[in-house]
>>> print(open('upload22.cif').read())   # mmCIF, C-alpha atoms
data_upload
loop_
_atom_site.group_PDB
_atom_site.id
_atom_site.type_symbol
_atom_site.label_atom_id
_atom_site.label_comp_id
_atom_site.auth_asym_id
_atom_site.auth_seq_id
_atom_site.Cartn_x
_atom_site.Cartn_y
_atom_site.Cartn_z
ATOM 1 C CA MET A 352 28.162 55.823 -42.474
ATOM 2 C CA ARG A 353 26.557 53.486 -40.028
ATOM 3 C CA ALA A 354 28.540 51.611 -37.486
ATOM 4 C CA ARG A 355 28.473 47.936 -38.034
ATOM 5 C CA ARG A 356 27.044 45.940 -35.154
ATOM 6 C CA GLU A 357 29.159 43.120 -33.798
ATOM 7 C CA GLN A 358 27.555 39.710 -34.128
ATOM 8 C CA GLY A 359 26.819 37.844 -30.920
ATOM 9 C CA TYR A 360 24.240 37.431 -28.193
ATOM 10 C CA THR A 361 23.274 39.782 -25.457
ATOM 11 C CA LEU A 362 23.338 38.770 -21.822
ATOM 12 C CA THR A 363 19.523 38.800 -21.753
ATOM 13 C CA GLU A 364 19.322 36.389 -24.683
ATOM 14 C CA LEU A 365 21.761 33.996 -23.009
ATOM 15 C CA VAL A 366 19.881 34.060 -19.692
ATOM 16 C CA VAL A 367 16.526 33.399 -21.391
ATOM 17 C CA THR A 368 17.986 30.536 -23.470
ATOM 18 C CA LEU A 369 19.648 28.901 -20.458
ATOM 19 C CA SER A 370 16.436 29.230 -18.416
ATOM 20 C CA ILE A 371 14.403 27.509 -21.114
ATOM 21 C CA MET A 372 16.993 24.720 -21.404
ATOM 22 C CA ALA A 373 16.964 24.237 -17.612
ATOM 23 C CA ILE A 374 13.174 23.902 -17.581
ATOM 24 C CA ILE A 375 13.227 21.373 -20.433
ATOM 25 C CA ALA A 376 15.992 19.369 -18.723
ATOM 26 C CA ALA A 377 14.069 19.286 -15.439
ATOM 27 C CA ILE A 378 11.023 17.898 -17.222
ATOM 28 C CA ALA A 379 12.940 15.430 -19.388
ATOM 29 C CA ILE A 380 15.140 13.862 -16.687
ATOM 30 C CA PRO A 381 13.340 10.902 -15.083
ATOM 31 C CA ASP A 382 12.655 10.828 -11.385
ATOM 32 C CA PHE A 383 15.007 8.213 -9.953
ATOM 33 C CA THR A 384 13.208 8.109 -6.607
ATOM 34 C CA SER A 385 10.221 6.467 -8.299
ATOM 35 C CA ASP A 386 11.976 3.067 -8.122
ATOM 36 C CA GLU A 387 10.868 2.710 -4.506
ATOM 37 C CA THR A 388 7.226 3.359 -5.222
ATOM 38 C CA ALA A 389 7.290 1.371 -8.475
ATOM 39 C CA LYS A 390 8.369 -1.865 -6.746
ATOM 40 C CA LEU A 391 5.794 -1.325 -4.031
ATOM 41 C CA ASP A 392 3.075 -0.493 -6.570
ATOM 42 C CA ILE A 393 3.787 -3.671 -8.541
ATOM 43 C CA ALA A 394 3.770 -5.844 -5.407
ATOM 44 C CA THR A 395 0.492 -4.431 -4.107
ATOM 45 C CA ALA A 396 -1.089 -4.658 -7.575
ATOM 46 C CA ASN A 397 -0.170 -8.363 -7.662
ATOM 47 C CA VAL A 398 -1.722 -8.887 -4.214
ATOM 48 C CA VAL A 399 -4.894 -7.068 -5.268
ATOM 49 C CA GLY A 400 -5.001 -9.274 -8.379
ATOM 50 C CA ALA A 401 -4.704 -12.453 -6.301
ATOM 51 C CA ILE A 402 -7.494 -11.359 -3.941
ATOM 52 C CA ARG A 403 -9.772 -10.379 -6.816
ATOM 53 C CA PHE A 404 -9.022 -13.675 -8.581
ATOM 54 C CA ALA A 405 -10.048 -15.687 -5.497
ATOM 55 C CA HIS A 406 -13.176 -13.553 -5.117
ATOM 56 C CA SER A 407 -14.256 -13.930 -8.744
ATOM 57 C CA GLU A 408 -13.547 -17.678 -8.748
ATOM 58 C CA SER A 409 -15.727 -18.153 -5.647
ATOM 59 C CA ILE A 410 -18.602 -16.428 -7.449
ATOM 60 C CA ARG A 411 -17.990 -18.156 -10.793
ATOM 61 C CA THR A 412 -17.597 -21.717 -9.499
ATOM 62 C CA GLY A 413 -19.794 -21.608 -6.390
ATOM 63 C CA LEU A 414 -16.884 -22.984 -4.332
ATOM 64 C CA ARG A 415 -15.044 -21.388 -1.409
ATOM 65 C CA TYR A 416 -11.798 -19.711 -2.472
ATOM 66 C CA GLY A 417 -9.330 -17.606 -0.572
ATOM 67 C CA VAL A 418 -5.806 -16.352 -0.101
ATOM 68 C CA VAL A 419 -3.466 -17.304 2.708
ATOM 69 C CA ALA A 420 -0.851 -14.791 3.827
ATOM 70 C CA ASP A 421 2.200 -16.487 5.335
ATOM 71 C CA GLN A 422 4.398 -13.846 6.959
ATOM 72 C CA GLY A 423 7.030 -16.395 7.938
ATOM 73 C CA ASN A 424 7.592 -17.485 4.344
ATOM 74 C CA GLN A 425 6.732 -14.031 2.974
ATOM 75 C CA SER A 426 4.185 -15.473 0.549
ATOM 76 C CA ILE A 427 0.565 -15.215 -0.516
ATOM 77 C CA ARG A 428 -1.126 -18.239 -2.076
ATOM 78 C CA VAL A 429 -4.542 -18.649 -3.654
ATOM 79 C CA TYR A 430 -6.434 -21.739 -2.499
ATOM 80 C CA ARG A 431 -9.708 -23.577 -3.041
ATOM 81 C CA VAL A 432 -11.563 -25.314 -0.212
ATOM 82 C CA ASP A 433 -12.364 -28.970 -0.881
ATOM 83 C CA THR A 434 -15.528 -29.695 1.101
ATOM 84 C CA SER A 435 -15.994 -33.177 -0.377
ATOM 85 C CA VAL A 436 -13.765 -34.603 2.369
ATOM 86 C CA GLU A 437 -14.091 -34.292 6.115
ATOM 87 C CA PRO A 438 -12.486 -32.169 7.446
ATOM 88 C CA ALA A 439 -12.420 -29.716 4.545
ATOM 89 C CA THR A 440 -8.941 -29.237 3.108
ATOM 90 C CA LEU A 441 -7.216 -26.433 1.251
ATOM 91 C CA LEU A 442 -6.126 -27.193 -2.291
ATOM 92 C CA TYR A 443 -3.425 -25.084 -3.886
ATOM 93 C CA ASP A 444 -4.299 -26.117 -7.441
ATOM 94 C CA ASN A 445 -5.076 -22.648 -8.781
ATOM 95 C CA TYR A 446 -3.051 -21.191 -11.604
ATOM 96 C CA ASP A 447 -2.321 -17.597 -12.497
ATOM 97 C CA PRO A 448 -4.289 -16.892 -15.691
ATOM 98 C CA LEU A 449 -1.331 -15.037 -17.231
ATOM 99 C CA THR A 450 1.684 -17.158 -16.292
ATOM 100 C CA LYS A 451 -0.122 -20.530 -16.056
ATOM 101 C CA LYS A 452 1.962 -21.251 -12.939
ATOM 102 C CA PRO A 453 0.636 -21.948 -9.430
ATOM 103 C CA TYR A 454 -0.883 -18.747 -8.040
ATOM 104 C CA GLU A 455 1.705 -17.818 -5.423
ATOM 105 C CA LEU A 456 3.335 -14.472 -4.695
ATOM 106 C CA ILE A 457 6.681 -14.569 -2.915
ATOM 107 C CA PHE A 458 8.156 -11.542 -1.173
ATOM 108 C CA SER A 459 11.547 -11.036 0.405
ATOM 109 C CA SER A 460 12.521 -11.627 3.998
ATOM 110 C CA ASP A 461 15.209 -8.932 3.952
ATOM 111 C CA GLU A 462 15.085 -5.189 3.367
ATOM 112 C CA SER A 463 16.451 -5.387 -0.201
ATOM 113 C CA ASP A 464 13.017 -6.054 -1.632
ATOM 114 C CA VAL A 465 9.327 -5.637 -0.806
ATOM 115 C CA VAL A 466 8.434 -7.151 2.578
ATOM 116 C CA MET A 467 5.007 -8.216 3.860
ATOM 117 C CA ALA A 468 5.143 -6.349 7.172
ATOM 118 C CA GLU A 469 1.647 -7.173 8.436
ATOM 119 C CA ALA A 470 -1.128 -9.604 7.564
ATOM 120 C CA GLY A 471 -4.265 -9.850 9.644
ATOM 121 C CA PHE A 472 -7.835 -10.977 9.077
ATOM 122 C CA GLU A 473 -10.567 -10.721 11.719
ATOM 123 C CA TYR A 474 -13.899 -12.553 11.492
ATOM 124 C CA GLY A 475 -17.117 -12.623 13.542
ATOM 125 C CA GLY A 476 -16.609 -9.676 15.886
ATOM 126 C CA GLY A 477 -13.062 -10.712 16.701
ATOM 127 C CA ALA A 478 -14.043 -14.310 17.468
ATOM 128 C CA LEU A 479 -11.632 -15.557 14.815
ATOM 129 C CA SER A 480 -8.216 -14.168 13.894
ATOM 130 C CA ALA A 481 -6.665 -15.810 10.875
ATOM 131 C CA ASP A 482 -3.883 -15.609 8.327
ATOM 132 C CA TYR A 483 -6.297 -16.179 5.460
ATOM 133 C CA LEU A 484 -9.034 -14.336 3.605
ATOM 134 C CA GLU A 485 -11.829 -16.566 2.375
ATOM 135 C CA PHE A 486 -14.838 -15.962 0.120
ATOM 136 C CA SER A 487 -18.146 -17.855 0.300
ATOM 137 C CA GLY A 488 -18.969 -19.883 -2.777
ATOM 138 C CA GLY A 489 -21.589 -18.389 -5.064
ATOM 139 C CA THR A 490 -21.920 -15.057 -3.263
ATOM 140 C CA GLY A 491 -18.283 -14.055 -2.883
ATOM 141 C CA ILE A 492 -18.966 -12.581 0.551
ATOM 142 C CA PRO A 493 -15.785 -12.537 2.671
ATOM 143 C CA ALA A 494 -16.480 -15.078 5.409
ATOM 144 C CA ALA A 495 -14.704 -17.990 7.066
ATOM 145 C CA SER A 496 -16.066 -21.174 8.562
ATOM 146 C CA SER A 497 -14.795 -22.065 12.017
ATOM 147 C CA ALA A 498 -16.136 -25.057 13.966
ATOM 148 C CA GLY A 499 -19.114 -25.213 11.616
ATOM 149 C CA ILE A 500 -20.005 -21.546 12.160
ATOM 150 C CA LEU A 501 -19.798 -19.112 9.262
ATOM 151 C CA ARG A 502 -18.209 -15.874 10.449
ATOM 152 C CA LEU A 503 -18.319 -12.688 8.375
ATOM 153 C CA LEU A 504 -15.197 -10.644 7.780
ATOM 154 C CA ASP A 505 -14.644 -7.677 10.105
ATOM 155 C CA SER A 506 -11.298 -6.447 8.816
ATOM 156 C CA ALA A 507 -8.598 -7.488 6.390
ATOM 157 C CA VAL A 508 -5.265 -5.661 6.324
ATOM 158 C CA LEU A 509 -2.063 -6.476 4.480
ATOM 159 C CA ARG A 510 0.807 -3.976 4.822
ATOM 160 C CA PHE A 511 3.858 -4.017 2.573
ATOM 161 C CA SER A 512 7.035 -1.988 2.901
ATOM 162 C CA TYR A 513 10.038 -1.230 0.752
ATOM 163 C CA ARG A 514 12.839 0.942 2.102
ATOM 164 C CA ASN A 515 11.115 4.076 3.456
ATOM 165 C CA ALA A 516 7.757 3.557 1.740
ATOM 166 C CA SER A 517 4.780 1.415 2.715
ATOM 167 C CA LYS A 518 1.328 0.606 1.343
ATOM 168 C CA THR A 519 -1.693 -1.058 2.892
ATOM 169 C CA VAL A 520 -4.109 -3.359 1.086
ATOM 170 C CA SER A 521 -7.504 -3.673 2.760
ATOM 171 C CA VAL A 522 -10.692 -5.564 1.931
ATOM 172 C CA SER A 523 -14.148 -4.250 2.808
ATOM 173 C CA PRO A 524 -16.510 -6.573 4.663
ATOM 174 C CA MET A 525 -19.596 -7.702 2.701
ATOM 175 C CA THR A 526 -18.598 -6.058 -0.614
ATOM 176 C CA ALA A 527 -15.060 -7.493 -0.840
ATOM 177 C CA ARG A 528 -13.880 -4.209 -2.332
ATOM 178 C CA VAL A 529 -10.079 -4.166 -2.382
ATOM 179 C CA THR A 530 -8.330 -0.831 -1.796
ATOM 180 C CA VAL A 531 -4.696 0.258 -1.617
ATOM 181 C CA GLN A 532 -3.562 3.196 0.503
#
>>> encode(input="upload22.cif", output="structure tokens")
Amino acid sequence: MRARREQGYTLTELVVTLSIMAIIAAIAIPDFTSDETAKLDIATANVVGAIRFAHSESIRTGLRYGVVADQGNQSIRVYRVDTSVEPATLLYDNYDPLTKKPYELIFSSDESDVVMAEAGFEYGGGALSADYLEFSGGTGIPAASSAGILRLLDSAVLRFSYRNASKTVSVSPMTARVTVQ
């Protein structure tokens, strides 16, 4: 007569099963550290969108458009240059195509949210430092007019931080290509 085998699992079967469950759990559990990069990614994507909007509007309408970065108020606003009056004035009458509200991005002044840590724009070989990025009407070339002289963009850098992470938005001279690093 054959001996009847006891029902149950061997140690090897248990170890293999637990290993597979651990691998599945590690894949299925979300990464909670991604909150830091997600907030920063959203903020920089919004900034890139504002810059690209101003650039495309300058080409589409033939008017000068730009963005002004105000570190004191932690905001970025899209503007249009009204050259029909002397001196030319900035008009903040642009609306976000999605929200239909004035095109303004507001960041935090404390460490609990995304902070605009740096904003700098250099034109004409360093002859002009500004807090704005402007695009020539019709061509969309990044350039600013100062004392009647059109100065081409040399560098444009906006740096944002959130907790221990930071990202930099930069704009290429001549091409107006916007990149995030």
>>> residues_around(input="upload22.cif", residues="stretch 400-405 of chain A", least_positions_apart="4", cutoff="12 Å", atoms="all atoms listed in the file", output="PDB file with C-alpha atoms, keeping the file's coordinate frame")
ATOM      1  CA  ILE A 393       3.787  -3.671  -8.541  1.00  0.00           C
ATOM      2  CA  ALA A 394       3.770  -5.844  -5.407  1.00  0.00           C
ATOM      3  CA  THR A 395       0.492  -4.431  -4.107  1.00  0.00           C
ATOM      4  CA  ALA A 396      -1.089  -4.658  -7.575  1.00  0.00           C
ATOM      5  CA  SER A 409     -15.727 -18.153  -5.647  1.00  0.00           C
ATOM      6  CA  ILE A 410     -18.602 -16.428  -7.449  1.00  0.00           C
ATOM      7  CA  ARG A 411     -17.990 -18.156 -10.793  1.00  0.00           C
ATOM      8  CA  THR A 412     -17.597 -21.717  -9.499  1.00  0.00           C
ATOM      9  CA  GLY A 413     -19.794 -21.608  -6.390  1.00  0.00           C
ATOM     10  CA  LEU A 414     -16.884 -22.984  -4.332  1.00  0.00           C
ATOM     11  CA  ARG A 415     -15.044 -21.388  -1.409  1.00  0.00           C
ATOM     12  CA  TYR A 416     -11.798 -19.711  -2.472  1.00  0.00           C
ATOM     13  CA  GLY A 417      -9.330 -17.606  -0.572  1.00  0.00           C
ATOM     14  CA  VAL A 418      -5.806 -16.352  -0.101  1.00  0.00           C
ATOM     15  CA  VAL A 419      -3.466 -17.304   2.708  1.00  0.00           C
ATOM     16  CA  ALA A 420      -0.851 -14.791   3.827  1.00  0.00           C
ATOM     17  CA  SER A 426       4.185 -15.473   0.549  1.00  0.00           C
ATOM     18  CA  ILE A 427       0.565 -15.215  -0.516  1.00  0.00           C
ATOM     19  CA  ARG A 428      -1.126 -18.239  -2.076  1.00  0.00           C
ATOM     20  CA  VAL A 429      -4.542 -18.649  -3.654  1.00  0.00           C
ATOM     21  CA  TYR A 430      -6.434 -21.739  -2.499  1.00  0.00           C
ATOM     22  CA  ARG A 431      -9.708 -23.577  -3.041  1.00  0.00           C
ATOM     23  CA  VAL A 432     -11.563 -25.314  -0.212  1.00  0.00           C
ATOM     24  CA  TYR A 443      -3.425 -25.084  -3.886  1.00  0.00           C
ATOM     25  CA  ASN A 445      -5.076 -22.648  -8.781  1.00  0.00           C
ATOM     26  CA  TYR A 446      -3.051 -21.191 -11.604  1.00  0.00           C
ATOM     27  CA  ASP A 447      -2.321 -17.597 -12.497  1.00  0.00           C
ATOM     28  CA  PRO A 448      -4.289 -16.892 -15.691  1.00  0.00           C
ATOM     29  CA  LEU A 449      -1.331 -15.037 -17.231  1.00  0.00           C
ATOM     30  CA  PRO A 453       0.636 -21.948  -9.430  1.00  0.00           C
ATOM     31  CA  TYR A 454      -0.883 -18.747  -8.040  1.00  0.00           C
ATOM     32  CA  GLU A 455       1.705 -17.818  -5.423  1.00  0.00           C
ATOM     33  CA  LEU A 456       3.335 -14.472  -4.695  1.00  0.00           C
ATOM     34  CA  TYR A 483      -6.297 -16.179   5.460  1.00  0.00           C
ATOM     35  CA  LEU A 484      -9.034 -14.336   3.605  1.00  0.00           C
ATOM     36  CA  GLU A 485     -11.829 -16.566   2.375  1.00  0.00           C
ATOM     37  CA  PHE A 486     -14.838 -15.962   0.120  1.00  0.00           C
ATOM     38  CA  SER A 487     -18.146 -17.855   0.300  1.00  0.00           C
ATOM     39  CA  GLY A 488     -18.969 -19.883  -2.777  1.00  0.00           C
ATOM     40  CA  GLY A 489     -21.589 -18.389  -5.064  1.00  0.00           C
ATOM     41  CA  GLY A 491     -18.283 -14.055  -2.883  1.00  0.00           C
ATOM     42  CA  ILE A 492     -18.966 -12.581   0.551  1.00  0.00           C
ATOM     43  CA  PRO A 493     -15.785 -12.537   2.671  1.00  0.00           C
ATOM     44  CA  ALA A 507      -8.598  -7.488   6.390  1.00  0.00           C
ATOM     45  CA  VAL A 508      -5.265  -5.661   6.324  1.00  0.00           C
ATOM     46  CA  LEU A 509      -2.063  -6.476   4.480  1.00  0.00           C
ATOM     47  CA  VAL A 520      -4.109  -3.359   1.086  1.00  0.00           C
ATOM     48  CA  SER A 521      -7.504  -3.673   2.760  1.00  0.00           C
ATOM     49  CA  VAL A 522     -10.692  -5.564   1.931  1.00  0.00           C
ATOM     50  CA  SER A 523     -14.148  -4.250   2.808  1.00  0.00           C
ATOM     51  CA  THR A 526     -18.598  -6.058  -0.614  1.00  0.00           C
ATOM     52  CA  ALA A 527     -15.060  -7.493  -0.840  1.00  0.00           C
ATOM     53  CA  ARG A 528     -13.880  -4.209  -2.332  1.00  0.00           C
ATOM     54  CA  VAL A 529     -10.079  -4.166  -2.382  1.00  0.00           C
ATOM     55  CA  THR A 530      -8.330  -0.831  -1.796  1.00  0.00           C
ATOM     56  CA  VAL A 531      -4.696   0.258  -1.617  1.00  0.00           C
TER      57      VAL A 531
END
>>> axis_aligned_box(input="upload22.cif", around="stretch 495-508 of chain A", padding_each_side="6 Å", output="JSON")
{"center_x": -12.6, "center_y": -15.4, "center_z": 10.1, "size_x": 26.7, "size_y": 31.6, "size_z": 19.6}
>>> closest_residue(input="upload22.cif", among="A:Val399, A:Val466, A:Leu365, A:Leu479", to="A:Asp505", atoms="all atoms listed in the file")
A:Leu479
>>> atom_distance(input="upload22.cif", atom1="atom CA of A:Glu473", atom2="atom CA of A:Arg502")
9.3 Å
>>> atom_distance(input="upload22.cif", atom1="atom CA of A:Asp392", atom2="atom CA of A:Met525")
25.5 Å
>>> resolve_selection(input="upload22.cif", expression="the PyMOL selection byres ((chain A and resi 516-518) around 8)", output="list of chain:residue names")
A:Glu387, A:Thr388, A:Leu391, A:Thr395, A:Arg510, A:Phe511, A:Ser512, A:Tyr513, A:Arg514, A:Asn515, A:Thr519, A:Val520, A:Val531, A:Gln532
>>> write_last_selection(input="upload22.cif", atoms="C-alpha atoms", output="PDB file, in the coordinates of the input")
ATOM      1  CA  GLU A 387      10.868   2.710  -4.506  1.00  0.00           C
ATOM      2  CA  THR A 388       7.226   3.359  -5.222  1.00  0.00           C
ATOM      3  CA  LEU A 391       5.794  -1.325  -4.031  1.00  0.00           C
ATOM      4  CA  THR A 395       0.492  -4.431  -4.107  1.00  0.00           C
ATOM      5  CA  ARG A 510       0.807  -3.976   4.822  1.00  0.00           C
ATOM      6  CA  PHE A 511       3.858  -4.017   2.573  1.00  0.00           C
ATOM      7  CA  SER A 512       7.035  -1.988   2.901  1.00  0.00           C
ATOM      8  CA  TYR A 513      10.038  -1.230   0.752  1.00  0.00           C
ATOM      9  CA  ARG A 514      12.839   0.942   2.102  1.00  0.00           C
ATOM     10  CA  ASN A 515      11.115   4.076   3.456  1.00  0.00           C
ATOM     11  CA  THR A 519      -1.693  -1.058   2.892  1.00  0.00           C
ATOM     12  CA  VAL A 520      -4.109  -3.359   1.086  1.00  0.00           C
ATOM     13  CA  VAL A 531      -4.696   0.258  -1.617  1.00  0.00           C
ATOM     14  CA  GLN A 532      -3.562   3.196   0.503  1.00  0.00           C
TER      15      GLN A 532
END
>>> atom_distance(input="upload22.cif", atom1="atom CA of A:Lys390", atom2="atom CA of A:Glu469")
17.4 Å
